[in-house]
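J.: data_20.tsv is the file, holding TSV, C-alpha atoms:
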chain	number	residue	atom	x	y	z
B	6	MET	CA	106.82	86.18	-74.86
B	7	GLU	CA	110.42	86.84	-74.02
B	8	GLY	CA	113.21	84.72	-72.69
B	9	THR	CA	115.62	82.12	-73.88
B	10	LEU	CA	115.23	78.49	-74.80
B	11	ASN	CA	118.03	77.66	-72.36
B	12	LEU	CA	115.56	77.90	-69.50
B	13	VAL	CA	113.20	75.42	-71.15
B	14	GLY	CA	116.18	73.13	-71.57
B	15	PHE	CA	117.06	73.49	-67.93
B	16	GLY	CA	113.52	72.73	-66.96
B	17	LEU	CA	113.66	69.51	-68.94
B	18	ALA	CA	117.10	68.68	-67.57
B	19	ALA	CA	115.92	69.13	-63.99
B	20	ILE	CA	113.30	66.39	-64.34
B	21	GLY	CA	115.88	63.62	-64.20
B	22	PRO	CA	117.71	64.68	-61.05
B	23	GLY	CA	114.36	65.43	-59.42
B	24	ILE	CA	113.15	61.89	-59.95
B	25	ALA	CA	116.58	60.55	-58.98
B	26	THR	CA	116.57	62.42	-55.67
B	27	GLY	CA	113.11	61.13	-54.94
B	28	LEU	CA	114.15	57.54	-55.64
B	29	ILE	CA	117.28	57.82	-53.52
B	30	PHE	CA	115.49	59.12	-50.47
B	31	ALA	CA	112.59	56.72	-50.96
B	32	ALA	CA	115.04	53.84	-50.83
B	33	TYR	CA	116.81	55.37	-47.84
B	34	ILE	CA	113.60	55.83	-45.89
B	35	ASN	CA	112.55	52.30	-46.79
B	36	GLY	CA	115.82	50.90	-45.54
B	37	VAL	CA	115.74	52.82	-42.28
B	38	ALA	CA	112.12	51.92	-41.67
B	39	ARG	CA	112.84	48.22	-42.12
B	40	GLN	CA	116.01	48.22	-40.10
B	41	PRO	CA	116.49	51.33	-37.92
B	42	GLU	CA	119.93	50.32	-36.72
B	43	ALA	CA	121.24	50.46	-40.30
B	44	ARG	CA	120.80	54.22	-40.34
B	45	SER	CA	124.44	55.09	-39.74
B	46	VAL	CA	125.48	52.80	-42.60
B	47	LEU	CA	122.87	54.04	-45.03
B	48	GLN	CA	123.13	57.76	-44.38
B	49	PRO	CA	126.53	58.42	-46.05
B	50	ILE	CA	125.56	56.33	-49.05
B	51	ALA	CA	122.26	58.15	-49.43
B	52	PHE	CA	123.96	61.52	-49.16
B	53	LEU	CA	126.58	60.56	-51.72
B	54	GLY	CA	123.89	59.46	-54.13
B	55	PHE	CA	122.04	62.69	-53.49
B	56	ALA	CA	125.23	64.65	-54.19
B	57	LEU	CA	125.76	62.88	-57.49
B	58	ALA	CA	122.18	63.50	-58.64
B	59	GLU	CA	122.23	67.09	-57.43
B	60	ALA	CA	125.52	67.76	-59.21
B	61	LEU	CA	123.84	67.03	-62.53
B	62	ALA	CA	120.98	69.39	-61.72
B	63	LEU	CA	123.37	72.18	-60.77
B	64	PHE	CA	125.44	71.48	-63.85
B	65	GLY	CA	122.35	72.02	-65.96
B	66	LEU	CA	121.58	75.23	-64.09
B	67	VAL	CA	125.05	76.64	-64.66
B	68	LEU	CA	125.10	75.63	-68.32
B	69	ALA	CA	121.73	77.31	-68.82
B	70	PHE	CA	123.35	80.57	-67.76
B	71	VAL	CA	126.73	80.11	-69.42
B	72	LEU	CA	125.81	78.91	-72.89
Q	10	MET	CA	121.79	67.99	-47.15
Q	11	TRP	CA	122.01	71.74	-47.67
Q	12	THR	CA	125.71	71.49	-46.90
Q	13	ILE	CA	126.12	69.24	-49.93
Q	14	PHE	CA	124.19	71.70	-52.03
Q	15	GLY	CA	126.46	74.51	-50.86
Q	16	TYR	CA	129.62	72.58	-51.67
Q	17	LEU	CA	128.44	71.69	-55.15
Q	18	LEU	CA	127.37	75.25	-55.83
Q	19	SER	CA	130.62	76.79	-54.64
Q	20	GLY	CA	132.64	74.22	-56.59
Q	21	LEU	CA	130.85	75.06	-59.79
Q	22	ILE	CA	131.01	78.82	-59.14
Q	23	PHE	CA	134.68	78.92	-58.25
Q	24	TRP	CA	136.28	76.62	-60.81
Q	25	GLY	CA	133.74	77.56	-63.46
Q	26	GLY	CA	134.62	81.20	-62.78
Q	27	VAL	CA	138.31	80.41	-63.11
Q	28	GLY	CA	137.67	78.65	-66.39
Q	29	TYR	CA	135.53	81.52	-67.64
Q	30	ALA	CA	138.24	84.05	-66.74
Q	31	ALA	CA	140.85	81.92	-68.50
Q	32	ASP	CA	138.59	81.76	-71.53
Q	33	ARG	CA	138.25	85.53	-71.63
Q	34	TRP	CA	142.01	85.91	-71.20
Q	35	LEU	CA	143.15	83.35	-73.74
Q	36	GLY	CA	140.33	83.78	-76.21
Q	37	THR	CA	139.35	80.11	-76.18
Q	38	SER	CA	135.92	78.67	-75.49
Q	39	TYR	CA	136.40	75.23	-73.96
Q	40	LEU	CA	138.07	76.14	-70.67
Q	41	THR	CA	134.78	77.09	-69.01
Q	42	LEU	CA	133.53	73.56	-69.52
Q	43	ILE	CA	136.75	72.07	-68.17
Q	44	GLY	CA	136.58	74.42	-65.19
Q	45	LEU	CA	133.00	73.39	-64.47
Q	46	LEU	CA	133.90	69.71	-64.65
Q	47	VAL	CA	136.91	70.22	-62.37
Q	48	GLY	CA	134.75	72.14	-59.91
Q	49	MET	CA	132.12	69.46	-59.90
Q	50	GLY	CA	134.74	66.78	-59.37
Q	51	GLY	CA	136.33	68.73	-56.54
Q	52	ALA	CA	133.00	69.33	-54.86
Q	53	LEU	CA	132.05	65.67	-55.12
Q	54	TYR	CA	135.43	64.72	-53.67
Q	55	LEU	CA	134.84	67.12	-50.81
Q	56	VAL	CA	131.39	65.68	-50.17
Q	57	TRP	CA	132.92	62.23	-50.13
Q	58	LEU	CA	135.52	63.40	-47.62
Q	59	ARG	CA	132.87	64.91	-45.36
Q	60	PHE	CA	130.20	62.26	-45.56
Q	61	GLY	CA	131.48	59.17	-47.30
Q	62	ARG	CA	134.41	57.96	-45.25
Q	63	GLU	CA	133.81	56.94	-41.70
K	15	MET	CA	94.88	103.53	-48.98
K	16	LEU	CA	96.32	102.90	-52.43
K	17	ALA	CA	99.75	102.62	-50.89
K	18	LEU	CA	98.66	99.58	-48.92
K	19	VAL	CA	97.35	97.56	-51.82
K	20	ARG	CA	98.48	96.69	-55.26
K	21	SER	CA	100.02	99.42	-57.39
K	22	GLY	CA	100.64	97.84	-60.78
K	23	ALA	CA	96.98	97.35	-61.72
K	24	GLU	CA	96.38	100.39	-63.90
K	25	GLY	CA	95.64	100.14	-67.59
K	26	GLU	CA	93.39	98.14	-69.83
K	27	GLY	CA	92.96	94.39	-69.67
K	28	PHE	CA	94.58	91.91	-67.41
K	29	VAL	CA	97.90	92.99	-65.98
K	30	PRO	CA	99.75	89.87	-64.86
K	31	PRO	CA	101.39	90.17	-61.45
K	32	SER	CA	105.05	91.01	-61.68
K	33	THR	CA	107.90	92.30	-59.58
K	34	LYS	CA	106.20	95.71	-59.68
K	35	ASP	CA	103.75	94.41	-57.12
K	36	PHE	CA	106.52	94.25	-54.58
K	37	GLU	CA	107.60	97.88	-54.95
K	38	LEU	CA	105.10	99.51	-52.65
K	39	PRO	CA	105.07	103.32	-52.57
K	40	PRO	CA	105.79	105.18	-49.32
K	41	ILE	CA	102.82	105.77	-47.07
K	42	PHE	CA	103.73	109.16	-45.65
K	43	GLY	CA	104.62	111.57	-48.46
K	44	GLU	CA	107.91	110.99	-50.19
K	45	ASN	CA	109.85	109.52	-47.27
K	46	PRO	CA	111.24	106.24	-48.61
K	47	TYR	CA	111.62	104.77	-45.13
K	48	THR	CA	107.90	104.53	-44.44
K	49	THR	CA	106.83	101.72	-46.73
K	50	LYS	CA	104.59	98.86	-45.73
K	51	PRO	CA	107.31	96.23	-45.09
K	52	ILE	CA	109.04	98.49	-42.59
K	53	PHE	CA	105.84	98.95	-40.62
K	54	LEU	CA	105.25	95.21	-40.79
K	55	VAL	CA	108.64	94.55	-39.21
K	56	PHE	CA	107.81	96.87	-36.31
K	57	LEU	CA	104.35	95.37	-36.02
K	58	SER	CA	105.82	91.88	-35.83
K	59	VAL	CA	108.20	92.90	-33.05
K	60	ILE	CA	105.31	94.41	-31.09
K	61	LEU	CA	103.11	91.37	-31.66
K	62	ILE	CA	105.77	88.88	-30.59
K	63	SER	CA	106.71	90.89	-27.49
K	64	VAL	CA	103.12	91.35	-26.38
K	65	PHE	CA	102.28	87.71	-26.94
K	66	PHE	CA	105.18	86.27	-25.02
K	67	ILE	CA	105.04	88.81	-22.20
K	68	ALA	CA	101.35	88.03	-21.77
K	69	ALA	CA	102.06	84.31	-21.99
K	70	SER	CA	104.79	84.33	-19.37
K	71	ARG	CA	103.53	86.93	-16.92
K	72	LYS	CA	101.15	84.89	-14.85
K	73	ALA	CA	103.10	81.67	-15.05
K	74	ALA	CA	101.41	78.94	-13.10
K	75	ILE	CA	102.03	75.27	-12.58
K	76	VAL	CA	98.74	74.47	-14.24
K	77	PRO	CA	99.15	76.63	-17.34
K	78	SER	CA	96.45	78.70	-18.93
K	79	LYS	CA	95.81	78.32	-22.63
K	80	LEU	CA	97.98	81.32	-23.48
K	81	GLN	CA	100.84	80.13	-21.35
K	82	PHE	CA	100.59	76.70	-22.90
K	83	ALA	CA	100.78	78.15	-26.41
K	84	GLY	CA	103.83	80.25	-25.58
K	85	GLU	CA	105.57	77.44	-23.79
K	86	SER	CA	105.01	74.93	-26.54
K	87	VAL	CA	106.63	77.23	-29.09
K	88	TYR	CA	109.55	77.75	-26.75
K	89	ALA	CA	109.85	74.05	-26.01
K	90	PHE	CA	109.80	73.26	-29.70
K	91	VAL	CA	112.74	75.58	-30.42
K	92	ARG	CA	114.61	74.55	-27.32
K	93	ASN	CA	114.26	70.79	-27.51
K	94	ASP	CA	113.72	69.95	-31.16
K	95	LEU	CA	116.01	72.55	-32.66
K	96	ALA	CA	118.67	73.56	-30.18
K	97	LYS	CA	119.10	70.50	-28.00
K	98	ASP	CA	119.03	67.86	-30.70
K	99	VAL	CA	121.31	69.70	-33.09
K	100	ILE	CA	123.85	71.60	-31.01
K	101	GLY	CA	124.29	69.20	-28.11
K	102	HIS	CA	125.35	69.88	-24.56
K	103	GLU	CA	126.20	73.57	-25.02
K	104	PHE	CA	122.81	74.41	-26.48
K	105	LEU	CA	121.46	76.65	-23.75
K	106	ARG	CA	123.56	79.67	-24.78
K	107	PHE	CA	122.01	79.75	-28.23
K	108	VAL	CA	118.37	79.21	-27.37
K	109	PRO	CA	117.56	82.96	-27.08
K	110	TYR	CA	119.03	83.69	-30.51
K	111	LEU	CA	117.34	80.74	-32.18
K	112	PHE	CA	114.04	81.48	-30.50
K	113	THR	CA	114.09	85.13	-31.60
K	114	LEU	CA	115.00	84.12	-35.13
K	115	PHE	CA	112.26	81.51	-35.34
K	116	THR	CA	109.43	83.65	-34.03
K	117	PHE	CA	110.52	86.72	-35.98
K	118	ILE	CA	110.69	84.90	-39.30
K	119	LEU	CA	107.53	82.95	-38.59
K	120	VAL	CA	105.42	86.02	-37.83
K	121	ASN	CA	106.85	87.97	-40.74
K	122	ASN	CA	106.13	85.09	-43.09
K	123	LEU	CA	102.63	84.61	-41.78
K	124	PHE	CA	101.86	88.22	-42.65
K	125	GLY	CA	101.69	86.90	-46.18
K	126	ILE	CA	98.39	85.15	-45.60
K	127	ILE	CA	96.79	87.09	-42.73
K	128	PRO	CA	93.81	88.93	-44.23
K	129	LEU	CA	94.16	92.70	-44.65
K	130	ILE	CA	97.94	92.51	-44.28
K	131	GLN	CA	98.81	89.93	-46.91
K	132	PHE	CA	102.36	90.85	-47.62
K	133	PRO	CA	105.26	88.65	-46.49
K	134	THR	CA	107.99	90.98	-45.28
K	135	MET	CA	110.71	88.58	-46.30
K	136	SER	CA	109.77	88.90	-49.96
K	137	HIS	CA	112.02	91.96	-49.89
K	138	VAL	CA	115.47	90.51	-50.11
K	139	GLY	CA	117.12	93.08	-47.83
K	140	PHE	CA	115.47	91.72	-44.69
K	141	ALA	CA	116.61	88.20	-45.50
K	142	TYR	CA	120.16	89.41	-46.13
K	143	VAL	CA	120.31	91.07	-42.73
K	144	LEU	CA	119.06	87.96	-40.95
K	145	ALA	CA	121.59	85.80	-42.79
K	146	MET	CA	124.36	88.24	-41.81
K	147	PHE	CA	123.41	87.89	-38.15
K	148	THR	CA	123.68	84.13	-38.45
K	149	PHE	CA	126.95	84.47	-40.35
K	150	PHE	CA	128.53	86.58	-37.61
K	151	VAL	CA	127.15	84.43	-34.83
K	152	PHE	CA	128.51	81.13	-36.07
K	153	HIS	CA	131.90	82.49	-37.04
K	154	TYR	CA	132.21	84.32	-33.73
K	155	VAL	CA	131.30	81.17	-31.84
K	156	GLY	CA	133.86	79.17	-33.78
K	157	VAL	CA	136.63	81.72	-33.26
K	158	ARG	CA	135.89	81.96	-29.55
K	159	LYS	CA	135.96	78.21	-29.19
K	160	HIS	CA	139.05	77.34	-31.23
K	161	GLY	CA	140.98	80.59	-31.57
K	162	LEU	CA	141.25	82.44	-34.85
K	163	TYR	CA	144.22	80.57	-36.33
K	164	LYS	CA	143.01	77.10	-35.54
K	165	TYR	CA	139.46	77.85	-36.69
K	166	ILE	CA	140.58	79.14	-40.08
K	167	LYS	CA	142.99	76.26	-40.41
K	168	GLU	CA	140.26	73.78	-39.69
K	169	ILE	CA	138.05	75.29	-42.32
K	170	MET	CA	140.77	75.42	-44.95
K	171	PHE	CA	142.74	72.24	-44.44
K	172	MET	CA	140.87	69.08	-43.73
K	173	PRO	CA	143.05	66.43	-42.13
K	174	GLY	CA	143.81	63.18	-43.92
K	175	VAL	CA	143.85	64.50	-47.47
K	176	PRO	CA	146.78	64.28	-49.91
K	177	LYS	CA	148.56	67.61	-50.26
K	178	ALA	CA	147.89	68.04	-53.96
K	179	ALA	CA	144.14	67.91	-53.38
K	180	TYR	CA	144.27	71.05	-51.23
K	181	ILE	CA	144.64	73.17	-54.36
K	182	LEU	CA	141.34	71.78	-55.53
K	183	ILE	CA	139.50	71.84	-52.24
K	184	THR	CA	140.64	74.82	-50.18
K	185	PRO	CA	139.03	77.48	-52.41
K	186	LEU	CA	135.77	75.59	-52.28
K	187	GLU	CA	135.83	75.41	-48.49
K	188	ILE	CA	136.53	79.12	-48.18
K	189	LEU	CA	133.84	80.02	-50.68
K	190	THR	CA	131.33	77.74	-49.01
K	191	PHE	CA	131.90	79.03	-45.51
K	192	PHE	CA	132.14	82.72	-46.26
K	193	LEU	CA	129.92	83.32	-49.25
K	194	VAL	CA	127.65	80.48	-50.29
K	195	ARG	CA	126.27	79.71	-46.83
K	196	PRO	CA	124.85	83.13	-45.96
K	197	LEU	CA	123.82	83.70	-49.56
K	198	THR	CA	121.84	80.48	-49.92
K	199	LEU	CA	120.38	80.97	-46.46
K	200	SER	CA	118.93	84.36	-47.32
K	201	LEU	CA	118.00	83.59	-50.91
K	202	ARG	CA	116.11	80.44	-49.95
K	203	LEU	CA	113.90	82.38	-47.57
K	204	PHE	CA	113.47	85.30	-49.97
K	205	ALA	CA	112.72	83.18	-53.01
K	206	ASN	CA	110.12	81.08	-51.23
K	207	MET	CA	108.27	84.11	-49.90
K	208	PHE	CA	108.52	85.97	-53.21
K	209	ALA	CA	107.29	83.06	-55.29
K	210	GLY	CA	104.50	82.24	-52.85
K	211	HIS	CA	103.17	85.79	-52.85
K	212	LEU	CA	103.34	85.91	-56.64
K	213	LEU	CA	101.49	82.60	-56.88
K	214	LEU	CA	98.66	83.84	-54.68
K	215	LEU	CA	98.47	87.07	-56.67
K	216	VAL	CA	98.17	85.15	-59.93
K	217	PHE	CA	95.21	83.10	-58.78
K	218	ILE	CA	93.31	85.76	-56.83
K	219	LEU	CA	93.76	88.53	-59.39
K	220	GLY	CA	93.13	86.09	-62.20
K	221	GLY	CA	89.89	85.01	-60.58
K	222	GLU	CA	88.88	88.62	-60.12
K	223	HIS	CA	89.60	89.37	-63.75
K	224	LEU	CA	87.72	86.31	-64.96
K	225	ALA	CA	84.68	87.31	-62.92
K	226	GLN	CA	84.42	90.56	-64.90
K	227	GLY	CA	84.61	88.78	-68.25
K	228	ALA	CA	82.04	87.04	-70.45
K	229	ILE	CA	79.56	84.52	-69.03
K	230	GLY	CA	81.76	81.53	-69.81
K	231	LEU	CA	84.66	83.11	-67.99
K	232	LYS	CA	82.44	83.94	-65.01
K	233	LEU	CA	81.78	80.24	-64.57
K	234	VAL	CA	85.49	79.51	-64.38
K	235	SER	CA	86.40	82.21	-61.91
K	236	PRO	CA	85.18	80.35	-58.77
K	237	PHE	CA	87.68	77.63	-59.58
K	238	ALA	CA	90.48	80.18	-59.70
K	239	PHE	CA	89.38	81.53	-56.31
K	240	GLY	CA	89.11	78.00	-54.98
K	241	ILE	CA	92.62	77.14	-56.05
K	242	GLY	CA	93.73	80.44	-54.54
K	243	ILE	CA	92.24	79.42	-51.20
K	244	VAL	CA	93.83	75.96	-51.35
K	245	LEU	CA	97.16	77.56	-52.17
K	246	THR	CA	96.77	79.87	-49.22
K	247	PHE	CA	96.83	76.86	-46.93
K	248	PHE	CA	99.75	75.50	-48.91
K	249	GLU	CA	101.52	78.81	-48.35
K	250	PHE	CA	100.87	78.54	-44.63
K	251	MET	CA	102.76	75.25	-44.67
K	252	VAL	CA	105.61	76.67	-46.73
K	253	GLN	CA	105.93	79.69	-44.46
K	254	CYS	CA	106.17	77.62	-41.29
K	255	LEU	CA	108.62	75.30	-43.03
K	256	GLN	CA	110.87	78.13	-44.15
K	257	ALA	CA	111.05	79.62	-40.67
K	258	TYR	CA	111.92	76.16	-39.36
K	259	ILE	CA	114.57	75.54	-42.02
K	260	PHE	CA	116.24	78.89	-41.46
K	261	THR	CA	116.49	78.24	-37.73
K	262	LEU	CA	117.56	74.63	-38.25
K	263	LEU	CA	120.37	75.62	-40.59
K	264	THR	CA	121.52	78.30	-38.16
K	265	ALA	CA	121.68	75.67	-35.44
K	266	LEU	CA	123.54	73.31	-37.77
K	267	TYR	CA	126.12	75.95	-38.64
K	268	ILE	CA	126.64	76.77	-34.97
K	269	ALA	CA	127.04	73.08	-34.21
K	270	GLY	CA	129.54	72.77	-37.04
K	271	ALA	CA	131.57	75.70	-35.72
K	272	LEU	CA	131.55	74.18	-32.23
K	273	ALA	CA	132.58	70.68	-33.32
K	274	ASP	CA	136.09	69.66	-32.34
K	275	GLU	CA	137.25	67.46	-35.17
K	276	HIS	CA	135.59	66.33	-38.32
For the file at hand, write its structure as structure tokens.
T.:
Amino acid sequence: MEGTLNLVGFGLAAIGPGIATGLIFAAYINGVARQPEARSVLQPIAFLGFALAEALALFGLVLAFVL
Amino acid sequence: MWTIFGYLLSGLIFWGGVGYAADRWLGTSYLTLIGLLVGMGGALYLVWLRFGRE
Amino acid sequence: MLALVRSGAEGEGFVPPSTKDFELPPIFGENPYTTKPIFLVFLSVILISVFFIAASRKAAIVPSKLQFAGESVYAFVRNDLAKDVIGHEFLRFVPYLFTLFTFILVNNLFGIIPLIQFPTMSHVGFAYVLAMFTFFVFHYVGVRKHGLYKYIKEIMFMPGVPKAAYILITPLEILTFFLVRPLTLSLRLFANMFAGHLLLLVFILGGEHLAQGAIGLKLVSPFAFGIGIVLTFFEFMVQCLQAYIFTLLTALYIAGALADEH
């Protein structure tokens, strides 16, 4: 077995943002399904939440390479 | 959605790269982290500019 | 025939699939330009041309089955991809998007068609070239529409932002538009095809190896083959999805280059 423990750490760190992205889009889909005309209001908020969650995942990825 | 991903990635690459280069130049070790944080902040700001304000 | 199948399987015991399985030797002698992926690219072009020429030759008002199949693929690209994303100027880009979609789709599907079973796009060079085409197309479209100076200015300086923030943001915009976009476009396609092929190799070769083992292992090997078959269908989905995503992102980039103001 070769490799570094950083990658295991990144794998663990990616769990959180993965679940977070799922929750964000689940809520977004729920909202649009209940009230289709609210789509234009919900879309920026959903994408901002996605960006925040995804930033953490990418941060973990970069730190796995850098450290 | 992939646009957001691209912005975040390029933010981390660019400012993290700047921080890494500054680290190599000055012999310190904390500037990479600061660069990464700055890049992430900039990318999030950019995403907010593109998608958040209407 | 050895050149057409797996090359890394020599030696004792189970050799796990690795990147060596993607380095196929040349078919004709030592000429490095006659490997399997190259022939697959030509084969895909021939297949697509023959199919769509045959589908459109005897066009009738009541379509035959072949014509219906060809037209539904075309209508999918034209209406769902081009028209919805690009807007009223979409008709100019339908030929490019259509070529891209069918080319990537057929080359991806080679990964699961029996006796071929090698996705061309799992060699990163092909994906790079496709992403470069898209890169040139959307920048060319933007420059033609806005003029070079205004197009660059629109990329670099977003209106309504305090001046100090430009130091932070402008490098990111440039990097995103000129490096990260084509790179992620090609690497997404490549990585999906590469990982999918590797996954299938693991289960099929693992099942084969288990079948040659002790009696207990023989009992397990059908499960490995079964999972391999299930994953083949999963791969079919992934391959269609990747062709769709590549085309969709190309359309999105073109639409972004055409947009007037953000």
J.: Return as a PDB file with C-alpha atoms, keeping the file's coordinate frame the residues belonging to chain Q that are within 9 Å of chain B, counting only C-alpha atoms.
T.:
ATOM      1  CA  MET Q  10     121.790  67.990 -47.150  1.00  0.00           C
ATOM      2  CA  ILE Q  13     126.120  69.240 -49.930  1.00  0.00           C
ATOM      3  CA  PHE Q  14     124.190  71.700 -52.030  1.00  0.00           C
ATOM      4  CA  LEU Q  17     128.440  71.690 -55.150  1.00  0.00           C
ATOM      5  CA  LEU Q  18     127.370  75.250 -55.830  1.00  0.00           C
ATOM      6  CA  LEU Q  21     130.850  75.060 -59.790  1.00  0.00           C
ATOM      7  CA  ILE Q  22     131.010  78.820 -59.140  1.00  0.00           C
ATOM      8  CA  GLY Q  25     133.740  77.560 -63.460  1.00  0.00           C
ATOM      9  CA  THR Q  41     134.780  77.090 -69.010  1.00  0.00           C
ATOM     10  CA  LEU Q  42     133.530  73.560 -69.520  1.00  0.00           C
ATOM     11  CA  LEU Q  45     133.000  73.390 -64.470  1.00  0.00           C
ATOM     12  CA  LEU Q  46     133.900  69.710 -64.650  1.00  0.00           C
ATOM     13  CA  MET Q  49     132.120  69.460 -59.900  1.00  0.00           C
ATOM     14  CA  ALA Q  52     133.000  69.330 -54.860  1.00  0.00           C
ATOM     15  CA  LEU Q  53     132.050  65.670 -55.120  1.00  0.00           C
ATOM     16  CA  VAL Q  56     131.390  65.680 -50.170  1.00  0.00           C
ATOM     17  CA  TRP Q  57     132.920  62.230 -50.130  1.00  0.00           C
ATOM     18  CA  PHE Q  60     130.200  62.260 -45.560  1.00  0.00           C
ATOM     19  CA  GLY Q  61     131.480  59.170 -47.300  1.00  0.00           C
ATOM     20  CA  ARG Q  62     134.410  57.960 -45.250  1.00  0.00           C
ATOM     21  CA  GLU Q  63     133.810  56.940 -41.700  1.00  0.00           C
TER      22      GLU Q  63
END
J.: Could you tell me how far atom CA of Gln256 of chain K sits from atom CA of Phe204 of chain K, in Å to one decimal place?
T.: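 Rounded to one decimal, the two atoms are 9.6 Å apart.
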J.: Please measure the separation of atom CA of Phe208 of chain K and atom CA of Leu12 of chain B, giving the value in Å to one decimal.
T.: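 Going from atom CA of Phe208 of chain K over to atom CA of Leu12 of chain B covers 19.5 Å.
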J.: Under the rule that only C-alpha atoms are counted, which of K:Leu189, K:Val55, K:Ala69, K:Val76 is the nearest residue to Ser19 of chain Q?
T.: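 Counting only C-alpha atoms, the residue closest to Ser19 of chain Q is K:Leu189.
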J.: Go ahead and compute the interatomic distance for atom CA of Val155 of chain K and atom CA of Leu111 of chain K, in Å to one decimal.
T.: 14.0 Å
J.: Within 6 Å of chain Q, which residues of chain K show up when using all atoms listed in the file, listed as an mmCIF file with C-alpha atoms, in the coordinates of the input?
T.:
data_model
loop_
_atom_site.group_PDB
_atom_site.id
_atom_site.type_symbol
_atom_site.label_atom_id
_atom_site.label_comp_id
_atom_site.auth_asym_id
_atom_site.auth_seq_id
_atom_site.Cartn_x
_atom_site.Cartn_y
_atom_site.Cartn_z
ATOM 1 C CA LEU K 182 141.340 71.780 -55.530
ATOM 2 C CA LEU K 186 135.770 75.590 -52.280
ATOM 3 C CA THR K 190 131.330 77.740 -49.010
#
J.: Neighbours of segment 232-236 of chain K within 10 Å (only C-alpha atoms; same-chain residues fewer than 6 positions away dropped), as number ranges by chain?
T.: K: 217-218, 220-226, 242
J.: Could you tell me which of B:Ala38, B:Ala43, B:Val13, B:Ala62 comes closest to Ala25 of chain B if we count all atoms listed in the file?
T.: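 Among the listed residues, the smallest separation from Ala25 of chain B belongs to B:Ala62.
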J.: Show me as a list of chain:residue names the residues that reach within 12 Å of (109.9, 78.6, -52.2), counting all atoms listed in the file and using the file's own coordinates.
T.: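 Protein, DNA and RNA residues close to (109.9, 78.6, -52.2): K:Asn122, K:Met135, K:Ser136, K:Ser200, K:Leu201, K:Arg202, K:Leu203, K:Phe204, K:Ala205, K:Asn206, K:Met207, K:Phe208, K:Ala209, K:Gly210, K:His211, K:Leu212, K:Leu213, K:Phe248, K:Glu249, K:Phe250, K:Met251, K:Val252, K:Gln253, K:Cys254, K:Leu255, K:Gln256, K:Ala257, K:Ile259.
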